[in-house]
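Structure file my_file-v5.tsv (TSV, C-alpha atoms) follows.
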```tsv
chain	number	residue	atom	x	y	z
U	241	MET	CA	96.09	102.68	108.14
U	242	SER	CA	98.09	101.52	111.15
U	243	TRP	CA	96.52	104.43	112.99
U	244	ASN	CA	93.26	103.22	114.48
U	245	PRO	CA	91.08	106.37	114.59
U	246	THR	CA	88.66	105.30	117.35
U	247	GLN	CA	88.95	103.94	120.85
U	248	SER	CA	86.65	101.02	119.97
U	249	PRO	CA	87.12	100.33	116.24
U	250	ASP	CA	84.18	99.31	114.10
U	251	CYS	CA	84.29	95.54	113.81
U	252	PRO	CA	83.35	93.54	110.72
U	253	GLU	CA	80.66	90.91	110.57
U	254	ALA	CA	81.53	87.27	111.09
U	255	GLY	CA	79.76	83.95	110.61
U	256	ALA	CA	80.56	80.26	110.60
U	257	LEU	CA	80.43	77.87	107.64
U	258	ASP	CA	80.79	74.09	107.68
U	259	ALA	CA	84.13	74.08	105.83
U	260	LEU	CA	85.59	76.84	108.00
U	261	GLU	CA	86.01	77.85	111.57
U	262	THR	CA	85.10	81.48	110.75
U	263	LEU	CA	84.18	83.60	107.75
U	264	ILE	CA	84.84	87.32	108.20
U	265	ILE	CA	83.25	89.96	105.99
U	266	PRO	CA	85.08	93.27	106.49
U	267	ARG	CA	83.25	96.55	106.71
U	268	ALA	CA	84.40	99.30	104.38
U	269	ARG	CA	85.11	102.76	105.78
U	270	ASP	CA	85.55	105.86	103.63
U	271	LEU	CA	88.31	108.06	105.01
U	272	GLY	CA	87.61	110.95	102.68
U	273	GLY	CA	88.00	109.42	99.24
U	274	PHE	CA	90.18	106.59	100.56
U	275	GLU	CA	88.56	103.28	101.46
U	276	VAL	CA	89.76	100.92	104.17
U	277	ARG	CA	88.37	97.41	104.76
U	278	ARG	CA	89.02	96.06	108.28
U	279	ALA	CA	88.97	92.27	108.74
U	280	LEU	CA	90.54	92.06	112.22
U	281	PRO	CA	89.58	92.37	115.00
U	282	ALA	CA	86.18	90.76	114.42
U	283	PRO	CA	83.45	89.80	116.92
U	284	ALA	CA	84.04	86.08	116.46
U	285	ARG	CA	87.80	86.35	115.99
U	286	GLN	CA	90.06	88.86	117.71
U	287	MET	CA	93.20	87.29	116.25
U	288	VAL	CA	94.47	84.83	113.68
U	289	GLY	CA	97.62	83.48	115.28
U	290	PRO	CA	99.28	86.65	116.61
U	291	PHE	CA	97.65	88.91	113.95
U	292	ILE	CA	95.26	91.23	115.77
U	293	PHE	CA	94.61	93.94	113.17
U	294	PHE	CA	94.21	93.59	109.40
U	295	ASP	CA	93.31	96.45	107.06
U	296	GLN	CA	93.08	96.54	103.28
U	297	MET	CA	94.05	100.05	102.13
U	298	GLY	CA	92.47	101.08	98.84
U	299	PRO	CA	92.87	100.66	95.96
U	300	ALA	CA	92.90	104.45	95.70
U	301	GLU	CA	93.90	106.92	93.01
U	302	PHE	CA	95.28	110.38	93.82
U	303	LEU	CA	95.40	113.52	91.71
U	304	THR	CA	98.62	115.52	91.51
U	305	GLY	CA	99.33	116.91	94.95
U	306	GLY	CA	97.15	114.32	96.67
U	307	GLY	CA	98.13	111.50	98.98
U	308	ILE	CA	97.99	110.17	102.52
U	309	ASP	CA	99.07	111.99	105.67
U	310	VAL	CA	98.93	109.86	108.81
U	311	ARG	CA	100.32	112.19	111.47
U	312	PRO	CA	102.60	110.93	114.26
U	313	HIS	CA	100.81	108.54	116.63
U	314	PRO	CA	101.91	106.01	119.27
U	315	HIS	CA	101.86	102.20	119.59
U	316	ILE	CA	102.67	99.69	122.34
U	317	GLY	CA	102.58	95.89	122.60
U	318	LEU	CA	102.64	95.09	118.90
U	319	ALA	CA	104.62	95.09	115.68
U	320	THR	CA	103.25	96.82	112.59
U	321	VAL	CA	103.61	95.32	109.11
U	322	THR	CA	103.21	97.42	105.98
U	323	TYR	CA	103.03	95.64	102.62
U	324	LEU	CA	102.11	97.41	99.38
U	325	TYR	CA	100.80	96.24	96.01
U	326	ARG	CA	100.93	99.71	94.47
U	327	GLY	CA	102.19	103.12	95.52
U	328	GLU	CA	104.64	104.09	98.25
U	329	PHE	CA	104.87	105.40	101.82
U	330	GLN	CA	107.41	107.45	103.69
U	331	HIS	CA	107.74	106.01	107.19
U	332	ARG	CA	109.32	108.10	109.96
U	333	ASP	CA	109.47	107.08	113.61
U	334	SER	CA	110.78	108.16	117.00
U	335	LEU	CA	113.82	105.88	116.59
U	336	GLY	CA	115.01	108.24	113.85
U	337	THR	CA	114.00	105.95	111.00
U	338	ASP	CA	113.18	107.63	107.67
U	339	GLN	CA	112.36	104.82	105.25
U	340	MET	CA	110.45	104.66	101.97
U	341	ILE	CA	108.51	101.48	101.24
U	342	TYR	CA	107.61	100.26	97.77
U	343	PRO	CA	105.57	97.29	96.48
U	344	GLY	CA	106.87	93.86	97.49
U	345	GLU	CA	108.97	95.20	100.39
U	346	VAL	CA	108.27	95.01	104.11
U	347	ASN	CA	108.44	97.59	106.89
U	348	TRP	CA	108.38	95.90	110.30
U	349	MET	CA	108.18	98.20	113.32
U	350	ILE	CA	108.34	96.68	116.80
U	351	ALA	CA	106.54	99.00	119.20
U	352	GLY	CA	107.28	97.13	122.43
U	353	ASN	CA	107.18	99.57	125.34
U	354	GLY	CA	106.40	102.46	123.02
U	355	VAL	CA	107.14	104.05	119.66
U	356	THR	CA	105.69	106.89	117.60
U	357	HIS	CA	105.54	106.99	113.82
U	358	SER	CA	104.01	108.72	110.83
U	359	GLU	CA	103.19	107.57	107.31
U	360	ARG	CA	102.88	110.00	104.44
U	361	THR	CA	102.89	110.12	100.68
U	362	SER	CA	106.28	111.50	99.69
U	363	ALA	CA	106.73	114.89	98.03
U	364	ALA	CA	108.17	113.17	94.96
U	365	MET	CA	105.05	111.03	94.49
U	366	ARG	CA	102.72	114.03	94.98
U	367	ALA	CA	104.33	115.70	91.96
U	368	ASN	CA	102.26	113.39	89.72
U	369	PRO	CA	99.00	111.45	89.93
U	370	GLY	CA	99.49	108.38	92.08
U	371	ALA	CA	97.92	105.25	93.53
U	372	LEU	CA	97.93	103.32	96.79
U	373	TYR	CA	96.90	99.73	97.44
U	374	GLY	CA	98.13	97.43	100.16
U	375	ILE	CA	97.69	95.72	103.50
U	376	GLN	CA	98.56	96.88	106.99
U	377	THR	CA	98.55	94.53	109.95
U	378	TRP	CA	99.46	94.49	113.61
U	379	VAL	CA	101.07	91.45	115.19
U	380	ALA	CA	100.48	91.23	118.96
U	381	LEU	CA	103.65	90.54	120.91
U	382	PRO	CA	103.84	87.65	123.39
U	383	GLU	CA	103.48	88.83	126.99
U	384	ALA	CA	107.17	88.21	127.71
U	385	HIS	CA	108.13	90.64	124.91
U	386	GLU	CA	105.40	93.28	125.25
U	387	GLU	CA	107.77	95.78	126.82
U	388	THR	CA	110.82	95.08	124.71
U	389	GLY	CA	112.63	98.05	123.26
U	390	ALA	CA	111.26	99.54	120.05
U	391	ALA	CA	113.00	98.55	116.80
U	392	PHE	CA	112.55	98.82	113.04
U	393	GLU	CA	113.45	96.58	110.10
U	394	HIS	CA	113.12	97.14	106.37
U	395	HIS	CA	113.62	94.35	103.85
U	396	GLY	CA	113.56	94.84	100.09
U	397	ARG	CA	111.92	92.56	97.54
U	398	GLU	CA	115.14	90.67	96.90
U	399	ALA	CA	115.49	89.73	100.59
U	400	LEU	CA	112.07	88.07	100.89
U	401	PRO	CA	111.79	84.42	99.78
U	402	MET	CA	109.93	84.03	96.47
U	403	LEU	CA	108.43	80.59	95.84
U	404	GLU	CA	107.38	79.96	92.25
U	405	GLU	CA	105.77	77.14	90.33
U	406	PRO	CA	103.78	77.22	87.08
U	407	GLY	CA	100.66	79.32	87.65
U	408	LYS	CA	101.55	80.57	91.10
U	409	SER	CA	104.04	82.73	92.98
U	410	VAL	CA	104.27	83.27	96.72
U	411	ARG	CA	106.35	85.93	98.49
U	412	LEU	CA	106.97	85.06	102.16
U	413	ILE	CA	106.81	88.25	104.20
U	414	LEU	CA	107.10	86.97	107.78
U	415	GLY	CA	107.93	83.72	109.49
U	416	GLU	CA	108.28	80.22	108.09
U	417	ALA	CA	106.14	78.31	105.57
U	418	TRP	CA	106.53	75.87	102.67
U	419	GLY	CA	110.11	75.17	103.75
U	420	ALA	CA	111.24	78.81	103.50
U	421	ARG	CA	111.93	81.45	106.16
U	422	ALA	CA	111.69	85.24	105.90
U	423	PRO	CA	114.48	87.37	107.41
U	424	VAL	CA	112.22	89.50	109.63
U	425	LYS	CA	112.72	89.00	113.38
U	426	THR	CA	109.53	87.64	114.99
U	427	PHE	CA	108.73	86.80	118.61
U	428	SER	CA	106.39	83.85	118.10
U	429	GLU	CA	105.72	81.20	115.49
U	430	THR	CA	104.05	82.93	112.57
U	431	PHE	CA	103.70	83.11	108.80
U	432	TYR	CA	102.48	85.78	106.39
U	433	ALA	CA	102.65	85.62	102.60
U	434	ASP	CA	101.41	87.25	99.39
U	435	ALA	CA	100.24	84.64	96.85
U	436	VAL	CA	99.31	85.31	93.21
U	437	LEU	CA	97.47	82.44	91.49
U	438	ALA	CA	96.53	81.96	87.86
U	439	ALA	CA	93.06	80.63	87.00
U	440	GLY	CA	92.70	77.11	88.37
U	441	ALA	CA	96.04	77.13	90.19
U	442	MET	CA	96.11	75.34	93.55
U	443	LEU	CA	97.92	76.33	96.74
U	444	PRO	CA	98.07	74.08	99.82
U	445	LEU	CA	98.17	75.96	103.11
U	446	PRO	CA	101.05	75.22	105.47
U	447	ASP	CA	100.06	72.43	107.85
U	448	ASN	CA	102.60	73.18	110.60
U	449	HIS	CA	100.83	76.18	112.12
U	450	GLU	CA	98.09	76.21	114.74
U	451	ASP	CA	96.08	79.06	113.20
U	452	ARG	CA	95.70	79.67	109.45
U	453	GLY	CA	93.71	82.33	107.65
U	454	VAL	CA	93.32	83.60	104.09
U	455	TYR	CA	92.23	87.03	102.89
U	456	VAL	CA	91.22	87.40	99.22
U	457	THR	CA	92.29	90.75	97.77
U	458	GLU	CA	91.61	90.06	94.08
U	459	GLY	CA	89.67	87.46	92.09
U	460	SER	CA	88.20	84.50	93.91
U	461	ILE	CA	89.16	81.14	95.38
U	462	SER	CA	87.33	77.93	96.17
U	463	VAL	CA	87.90	75.65	99.15
U	464	ALA	CA	86.17	72.27	99.29
U	465	GLY	CA	83.64	73.46	96.69
U	466	GLN	CA	82.85	76.76	98.42
U	467	VAL	CA	83.65	79.96	96.50
U	468	PHE	CA	84.96	83.09	98.21
U	469	GLU	CA	85.18	86.42	96.41
U	470	ALA	CA	87.53	89.34	97.07
U	471	GLY	CA	87.07	91.05	100.42
U	472	ARG	CA	86.60	87.90	102.49
U	473	MET	CA	88.77	86.43	105.25
U	474	MET	CA	88.52	82.73	106.05
U	475	VAL	CA	89.93	81.11	109.19
U	476	PHE	CA	90.39	77.35	109.07
U	477	ARG	CA	90.26	74.70	111.75
U	478	PRO	CA	93.66	73.57	113.07
U	479	GLY	CA	94.99	70.39	111.51
U	480	ASP	CA	92.68	70.24	108.49
U	481	ALA	CA	94.36	69.78	105.12
U	482	ILE	CA	93.34	72.88	103.14
U	483	THR	CA	94.04	73.66	99.48
U	484	LEU	CA	93.00	76.88	97.74
U	485	THR	CA	91.97	76.82	94.08
U	486	ALA	CA	91.93	80.08	92.14
U	487	GLY	CA	88.75	81.06	90.29
U	488	PRO	CA	88.35	81.67	86.54
U	489	LEU	CA	90.01	85.10	86.73
U	490	GLY	CA	92.79	83.97	89.07
U	491	ALA	CA	93.32	85.29	92.58
U	492	ARG	CA	95.59	87.23	94.86
U	493	VAL	CA	95.47	86.26	98.52
U	494	MET	CA	97.25	87.04	101.75
U	495	VAL	CA	97.81	83.94	103.88
U	496	LEU	CA	98.54	84.40	107.57
U	497	GLY	CA	98.60	82.72	110.93
U	498	GLY	CA	100.81	81.04	113.47
U	499	GLU	CA	100.88	80.20	117.13
U	500	THR	CA	98.05	81.53	119.28
U	501	LEU	CA	99.05	83.71	122.24
U	502	ASN	CA	98.51	82.80	125.88
U	503	GLY	CA	95.25	84.74	126.02
U	504	PRO	CA	93.22	87.55	124.43
U	505	ARG	CA	94.59	91.06	124.23
U	506	TYR	CA	93.18	94.40	125.24
U	507	ILE	CA	93.05	96.76	122.28
U	508	SER	CA	92.25	100.46	122.43
U	509	TRP	CA	93.12	103.15	119.91
U	510	ASN	CA	96.69	102.31	118.81
U	511	PHE	CA	97.55	100.24	121.85
U	512	VAL	CA	97.60	96.46	122.38
U	513	ALA	CA	98.44	94.84	125.73
U	514	SER	CA	97.80	91.85	127.97
U	515	SER	CA	96.29	94.10	130.67
U	516	GLN	CA	94.06	97.15	130.83
U	517	GLU	CA	96.54	98.78	133.20
U	518	LYS	CA	99.20	98.85	130.46
U	519	ILE	CA	96.70	100.39	128.04
U	520	ASP	CA	95.72	103.06	130.57
U	521	ALA	CA	99.35	103.93	131.31
U	522	ALA	CA	100.12	104.39	127.61
U	523	LYS	CA	97.04	106.58	127.12
U	524	GLU	CA	98.03	108.79	130.02
U	525	ALA	CA	101.59	109.15	128.76
U	526	TRP	CA	100.33	110.25	125.33
U	527	ARG	CA	97.72	112.55	126.86
U	528	GLN	CA	100.40	114.36	128.89
U	529	GLY	CA	102.26	115.20	125.68
U	530	ASP	CA	105.72	115.41	127.27
U	531	PHE	CA	107.65	114.47	124.16
U	532	GLU	CA	110.98	115.62	125.57
U	533	HIS	CA	111.05	113.72	128.87
U	534	GLY	CA	108.03	111.40	128.74
U	535	ARG	CA	107.49	107.87	127.50
U	536	PHE	CA	106.91	108.84	123.86
U	537	ARG	CA	108.97	110.94	121.44
U	538	LEU	CA	107.91	112.38	118.09
U	539	PRO	CA	109.67	111.37	114.86
U	540	PRO	CA	112.64	113.63	114.03
U	541	GLY	CA	111.75	115.68	110.97
U	542	ASP	CA	108.00	115.14	111.50
U	543	ASP	CA	107.36	116.62	114.93
U	544	ALA	CA	105.27	119.70	114.14
U	545	GLU	CA	101.95	117.91	114.70
U	546	HIS	CA	100.55	114.68	116.10
U	547	ILE	CA	97.26	112.85	116.51
U	548	PRO	CA	95.67	113.62	119.89
U	549	LEU	CA	94.33	110.81	122.06
U	550	ALA	CA	90.89	109.72	120.85
U	551	GLU	CA	88.46	110.10	123.75
```
In structure tokens, what does this structure look like?
Amino acid sequence: MSWNPTQSPDCPEAGALDALETLIIPRARDLGGFEVRRALPAPARQMVGPFIFFDQMGPAEFLTGGGIDVRPHPHIGLATVTYLYRGEFQHRDSLGTDQMIYPGEVNWMIAGNGVTHSERTSAAMRANPGALYGIQTWVALPEAHEETGAAFEHHGREALPMLEEPGKSVRLILGEAWGARAPVKTFSETFYADAVLAAGAMLPLPDNHEDRGVYVTEGSISVAGQVFEAGRMMVFRPGDAITLTAGPLGARVMVLGGETLNGPRYISWNFVASSQEKIDAAKEAWRQGDFEHGRFRLPPGDDAEHIPLAE
């Protein structure tokens, strides 16, 4: 989930291969019948472009009455991206947003100087058995925009560019790639897309971005004769011409990247910043719990509980 439940999150393994800059093998974590695979941050790669956190949620199946309850929690210095394959979320935040998200849509929350939000399975979905499967990411903000005011955008399926050719379809979620541009406001050069490939279909990666990565969610792909199964993230060297070829069962991949930031970021719990001092200040503000006059507010309509600071 976008809530990072530890001060120093478990990091996946990483290793280098000749055809790649980095291969990342996420570690799976069971959150009580719900599995999360975290690809970023990794020891050898904190970020891919501005993407600093990348979690695969599920796939998970819920019995009637079951679901996800991520209580209100804070963020600074980043923008969260929620993108679902199956299921739904109810997003509520301290800006007053109350927004459902369904497959193929995008919720984009800019934390900036500080925002609080929750994510829960809706009451309507709990009335029947349900499922959840998707990707959550954090995009680190450039230093000049770290303390911008919080904001939220939602864009439906019809608003996101859909690029289609025989055997492949690509939905552009963020940024610019393959001659198309998504409507979401970003603060640095970036791209993020959901690509579905039939068996043997080929997809060239955009060549106009400094950093480019691929995460395989279903099936397999090959690159320069090397095969990568689901649950792998590959980061490619800048400037190399890279084409993905789907395996015999096809593939679904998330492609991501963009301009690198001016330096590494500090990351602790739900906070990302260019300095430890900004992290410490956010922690102290949340620890004080002054949700009426302090830096953080709780989401209207979901303010009865919150996640305490992880020590």
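Excluding Gln376 in chain U and any residue on its chain fewer than 5 positions from it, the residues at most 8 Å away by all atoms listed in the file are Met241, Ser242, Phe293, Phe294, Asp295, Gln296, Met297, Thr320, Val321, Thr322 and Tyr323 of chain U.
Reported to one decimal place, the separation of CA of Thr361 in chain U from CA of Phe431 in chain U is 28.2 Å.
Computed from the coordinates, the CA of Asn353 in chain U to CA of Arg311 in chain U distance equals 20.0 Å.
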Top pick for closest residue to Ile519 in chain U, considering U:Asp338, U:Glu345, U:Asp451, U:Glu386 and counting all atoms listed in the file: U:Glu386
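Of the residues listed (U:Ala380, U:Gly374, U:Pro281, U:Ala438), U:Ala438 shows the shortest atom-to-atom separation from Glu404 in chain U; distances use all atoms listed in the file.
Computed from the coordinates, the CA of His315 in chain U to CA of Gly453 in chain U distance equals 24.6 Å.
Proximity ranking of U:Gly440, U:Gly354, U:Gly317, U:Gly471 relative to Glu383 in chain U places U:Gly317 first, based on all atoms listed in the file.
Residues in contact range of Met402 in chain U, defined as at most 8 Å between only C-alpha atoms, with sequence neighbours fewer than 6 positions away removed, read Ser409, Val410, Arg411 and Leu412 of chain U.
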Within 10 Å of range 395-400 of chain U using only C-alpha atoms, minus same-chain residues under 2 positions, as a ChimeraX atom specification: /U:341-348,393,402-403,411-414,420-424,433
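With all atoms listed in the file as the basis for measurement, U:Thr485 is the residue among U:Ser462, U:Ser514, U:Thr485, U:Gln330 that approaches Lys408 in chain U most closely.
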Neighbours of point (86.1, 84.7, 114.4) within 9 Å, using all atoms listed in the file, written as a ChimeraX atom specification: /U:254-256,261-264,280-288,474-475
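Proximity of U:Gly487, U:Pro478, U:Gly497, U:Pro539 to Tyr432 in chain U, computed with all atoms listed in the file, is greatest for U:Gly497.
Look at Leu445 in chain U: the protein and nucleic acid residues within 10 Å of it, using only C-alpha atoms and passing over chain neighbours fewer than 5 places away, are Ala417, Trp418, Arg452, Gly453, Val454, Phe476, Asp480, Ala481, Ile482, Thr483, Leu484, Val495 and Leu496 of chain U.
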Distance query 8 Å from (104.0, 105.5, 115.5) using only C-alpha atoms, result as number ranges by chain: U: 243, 312-315, 333-334, 351, 355-358
For Gly289 in chain U, the nearest of the candidates U:His385, U:Arg472, U:Arg277, U:Arg477, counting all atoms listed in the file: U:Arg477
Centre and edge lengths of an axis-aligned box around all listed atoms of range 292-305 of chain U, with 3 Å added on each side, are to be given in Å to one decimal, as AutoDock Vina command-line options.
```
--center_x 95.9 --center_y 104.1 --center_z 103.6 --size_x 12.9 --size_y 31.7 --size_z 30.3
```
